[in-house]
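A short write-up of the structure that comes next.
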Amino acid sequence: MANSRQKTGYLNSDFRIFYLTNTEARDFQSHYHDFHKLLYFESGSVSYYVEGETYQLQPGDLVLVSAGEVHRPVIQDTAPYHRLILYLAPAFFEKYKSQGIDLAHCFSLCSRKHSHVLRLRRLRETPLEAQLKNLILSCQNTLRLSPAAHSLFETSALLQFLLLLNSISEGADISFPAASGSNQQVLQALSYINAHLLEELSVDQIADACFLNRSYLMHLFRRETGYTLGSYITEKRLFAARSLIQAGGSVTDAALTCGFPSYTAFYRAYRKKFGEPPKGSRKLR
């Protein structure tokens, strides 16, 4: 049986747009993507977990999750959970960055503000709301457009939305709420792992760095993240290796750089995770 706490979703294009509704309780598992995710929270009673921190969402919030970050929503009651979701390929951002346009500025800004949520106080008074409506409209079947015209409408709405969002993201009406809850011991472990991801890592080493008992840390980490320490480290390393391969690096160098003890171990883990051999990732460039 496949581990449900894994990379989910797929993206074989620059972006995908979804408008989704849940009207009953559902248990979402911790997972990550190899693309960026932007979620517009329209309504519901939901908190959002990202990399050890939990955010209590308010209608109108934008949740920004960078590629490789473990996350999950937590639905708190039966109120309908309405949200717009954007999947954004790193290559999509790079294409425009080469033209001097940083569409990923809002993600960078959230990182600098140590938050995964961007909150706009007066959304309905800004042109951003109209672009959100256009993005939602592009997901519905009410537009009588040819496939080519629909694609153009969708791309135009997305670009205008991102351009507007970035232009107002440092304004006075924007805030970056702190997490409503987090376990500082888990955050310390996550920080240590990500700082030393490409070095030798062991449970004992992480526990010592966090001044925690080994067994206690293992239990706490799994409870808070849905991952064992070993599976979290492996998946982060696989994601890092895939990024190197997609950027044109050699498969062997990626395996060694990302801390795998042997090429055979790397190959087996990579194929199990991504469903293809490491060289197969080059076709995604």
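Labels used: A, B, ... for chains in the order of the structure tokens, numbers from 1 for residues in each chain, and numbers from 1 for ligands as shown.
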
Give me the residues near Cys210 (chain A) as a count of residues only, where near means some atom within 8 Å (using only C-alpha atoms) and where sequence neighbours in that chain fewer than 2 positions away do not count. 7

Which residues of region 233-258 of chain A come within 12 Å of region 44-67 of chain A, and what is each one's closest atom pair and distance in Å (one decimal), counting only C-alpha atoms, sorted by chain and residue number, as a tab-separated table?
```
residue	atom	partner	partner_atom	distance
A:Lys236	CA	A:Ala67	CA	10.4
A:Phe239	CA	A:Ala67	CA	8.8
A:Ala240	CA	A:Ala67	CA	10.1
A:Arg242	CA	A:Ala67	CA	11.7
A:Ser243	CA	A:Ala67	CA	10.1
```

Would you list the contacts of region 74-84 of chain A as a PyMOL selection string, taking every protein, DNA or RNA residue within 7 Å and counting only C-alpha atoms, but skipping same-chain residues closer than 3 positions in sequence? chain A and resi 18-25+28+39-48+136

Generate the output file for the selected residues, N, CA, C and O atoms, as a short mmCIF file (atom, residue, chain, number, x, y, z; two decimals), in the first residue's frame.
```cif
data_model
loop_
_atom_site.label_atom_id
_atom_site.label_comp_id
_atom_site.auth_asym_id
_atom_site.auth_seq_id
_atom_site.Cartn_x
_atom_site.Cartn_y
_atom_site.Cartn_z
N PHE A 18 -7.82 25.11 -10.11
CA PHE A 18 -8.96 24.33 -9.63
C PHE A 18 -9.84 25.21 -8.74
O PHE A 18 -9.33 26.04 -7.98
N TYR A 19 -11.14 24.99 -8.81
CA TYR A 19 -12.05 25.57 -7.82
C TYR A 19 -12.78 24.40 -7.18
O TYR A 19 -13.48 23.65 -7.85
N LEU A 20 -12.56 24.21 -5.87
CA LEU A 20 -13.03 23.01 -5.20
C LEU A 20 -13.92 23.34 -4.01
O LEU A 20 -13.78 24.40 -3.38
N THR A 21 -14.80 22.40 -3.69
CA THR A 21 -15.68 22.52 -2.53
C THR A 21 -15.75 21.18 -1.81
O THR A 21 -15.92 20.14 -2.46
N ASN A 22 -15.61 21.21 -0.50
CA ASN A 22 -15.88 20.06 0.34
C ASN A 22 -17.05 20.40 1.25
O ASN A 22 -17.03 21.43 1.92
N THR A 23 -18.06 19.54 1.26
CA THR A 23 -19.24 19.80 2.10
C THR A 23 -19.37 18.81 3.25
O THR A 23 -20.35 18.81 3.97
N GLU A 24 -18.37 17.97 3.43
CA GLU A 24 -18.37 17.05 4.55
C GLU A 24 -16.94 16.87 5.05
O GLU A 24 -15.97 17.23 4.37
N ALA A 25 -16.83 16.35 6.26
CA ALA A 25 -15.51 16.19 6.86
C ALA A 25 -14.65 15.26 6.02
O ALA A 25 -15.13 14.26 5.47
N PHE A 28 -7.41 15.08 5.43
CA PHE A 28 -6.33 15.29 4.47
C PHE A 28 -5.01 14.87 5.11
O PHE A 28 -4.71 15.26 6.25
N LEU A 39 -3.28 29.01 -2.65
CA LEU A 39 -4.67 28.70 -2.33
C LEU A 39 -5.39 29.97 -1.89
O LEU A 39 -4.91 30.69 -0.99
N TYR A 40 -6.51 30.27 -2.52
CA TYR A 40 -7.39 31.37 -2.09
C TYR A 40 -8.52 30.76 -1.28
O TYR A 40 -9.31 29.96 -1.79
N PHE A 41 -8.59 31.10 0.00
CA PHE A 41 -9.59 30.53 0.90
C PHE A 41 -10.83 31.41 0.86
O PHE A 41 -10.84 32.54 1.33
N GLU A 42 -11.90 30.85 0.28
CA GLU A 42 -13.13 31.62 0.12
C GLU A 42 -14.04 31.51 1.34
O GLU A 42 -14.55 32.50 1.84
N SER A 43 -14.24 30.28 1.82
CA SER A 43 -15.11 30.11 3.00
C SER A 43 -14.90 28.73 3.60
O SER A 43 -14.36 27.82 2.98
N GLY A 44 -15.38 28.61 4.84
CA GLY A 44 -15.27 27.36 5.57
C GLY A 44 -14.68 27.60 6.95
O GLY A 44 -14.48 28.74 7.38
N SER A 45 -14.43 26.52 7.66
CA SER A 45 -13.79 26.58 8.97
C SER A 45 -12.57 25.67 8.89
O SER A 45 -12.66 24.45 9.11
N VAL A 46 -11.44 26.27 8.56
CA VAL A 46 -10.26 25.49 8.19
C VAL A 46 -9.01 26.11 8.79
O VAL A 46 -8.85 27.33 8.80
N SER A 47 -8.13 25.28 9.28
CA SER A 47 -6.77 25.70 9.61
C SER A 47 -5.84 25.00 8.63
O SER A 47 -6.18 23.97 8.07
N TYR A 48 -4.68 25.60 8.42
CA TYR A 48 -3.77 25.07 7.41
C TYR A 48 -2.40 24.86 8.03
O TYR A 48 -1.84 25.76 8.64
N ILE A 136 -11.83 31.81 -11.03
CA ILE A 136 -12.89 30.86 -10.68
C ILE A 136 -13.76 30.58 -11.90
O ILE A 136 -14.12 29.42 -12.18
#
```

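Considering the residues A:His114, A:Lys95, A:His105, A:Arg72 and counting only C-alpha atoms, Ser167 (chain A) has its shortest atom-to-atom contact with A:His105.
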
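Here CA of Gly226 (chain A) is placed at a distance of 26.7 Å from CA of Ile17 (chain A).
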
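In the backbone-derived DSSP annotation, alpha helix (DSSP H) within region 101-147 of chain A comprises His105, Cys106, Phe107, Ser108, Leu109, Cys110, Ser111, Arg112, Leu128, Glu129, Ala130, Gln131, Leu132, Lys133, Asn134, Leu135, Ile136, Leu137, Ser138, Cys139 and Pro147 of chain A.
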
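The residue that comes closest to Arg271 (chain A), out of A:Leu190, A:Leu238, A:Cys106, A:Ile233 and on the basis of only C-alpha atoms, is A:Leu238.
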
re CA of Glu199 (chain A) and CA of Gly280 (chain A): distance 25.6 Å

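Minimum atom-to-atom distances from A:Ser30, A:Ser281, A:Ser175, A:Gln184 to Val251 (chain A) were compared using only C-alpha atoms, and the lowest value belongs to A:Ser281.
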
Could you give me, as JSON lines, a per-residue list for region 84-108 of chain A showing, wherever an atom lies at most 12 Å from an atom of region 154-160 of chain A, the closest pair of atoms and their distance in Å to one decimal, using only C-alpha atoms and sorting by chain then residue number from low to high?
```
{"residue": "A:Leu84", "atom": "CA", "partner": "A:Leu158", "partner_atom": "CA", "distance": 11.9}
{"residue": "A:Ile85", "atom": "CA", "partner": "A:Leu158", "partner_atom": "CA", "distance": 11.4}
{"residue": "A:Leu86", "atom": "CA", "partner": "A:Leu158", "partner_atom": "CA", "distance": 8.9}
{"residue": "A:Tyr87", "atom": "CA", "partner": "A:Leu158", "partner_atom": "CA", "distance": 10.9}
{"residue": "A:Leu88", "atom": "CA", "partner": "A:Leu158", "partner_atom": "CA", "distance": 10.1}
{"residue": "A:Phe92", "atom": "CA", "partner": "A:Leu159", "partner_atom": "CA", "distance": 10.7}
{"residue": "A:Phe93", "atom": "CA", "partner": "A:Leu159", "partner_atom": "CA", "distance": 10.7}
{"residue": "A:Tyr96", "atom": "CA", "partner": "A:Leu159", "partner_atom": "CA", "distance": 10.2}
{"residue": "A:Ile101", "atom": "CA", "partner": "A:Leu159", "partner_atom": "CA", "distance": 10.8}
{"residue": "A:Asp102", "atom": "CA", "partner": "A:Leu159", "partner_atom": "CA", "distance": 11.3}
{"residue": "A:Leu103", "atom": "CA", "partner": "A:Leu159", "partner_atom": "CA", "distance": 8.3}
{"residue": "A:Ala104", "atom": "CA", "partner": "A:Leu159", "partner_atom": "CA", "distance": 11.3}
```

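Between CA of Ala241 (chain A) and CA of Ala255 (chain A) the interatomic distance comes to 6.4 Å.
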
Next item on the list: DSSP on the backbone, then: every residue of region 14-236 of chain A marked strand (DSSP E or B), written as a PyMOL selection string.
Entry: chain A and resi 15-22+31-32+36-43+46-50+53-56+62-65+71-75+81-88+117-120+174-175+181-182
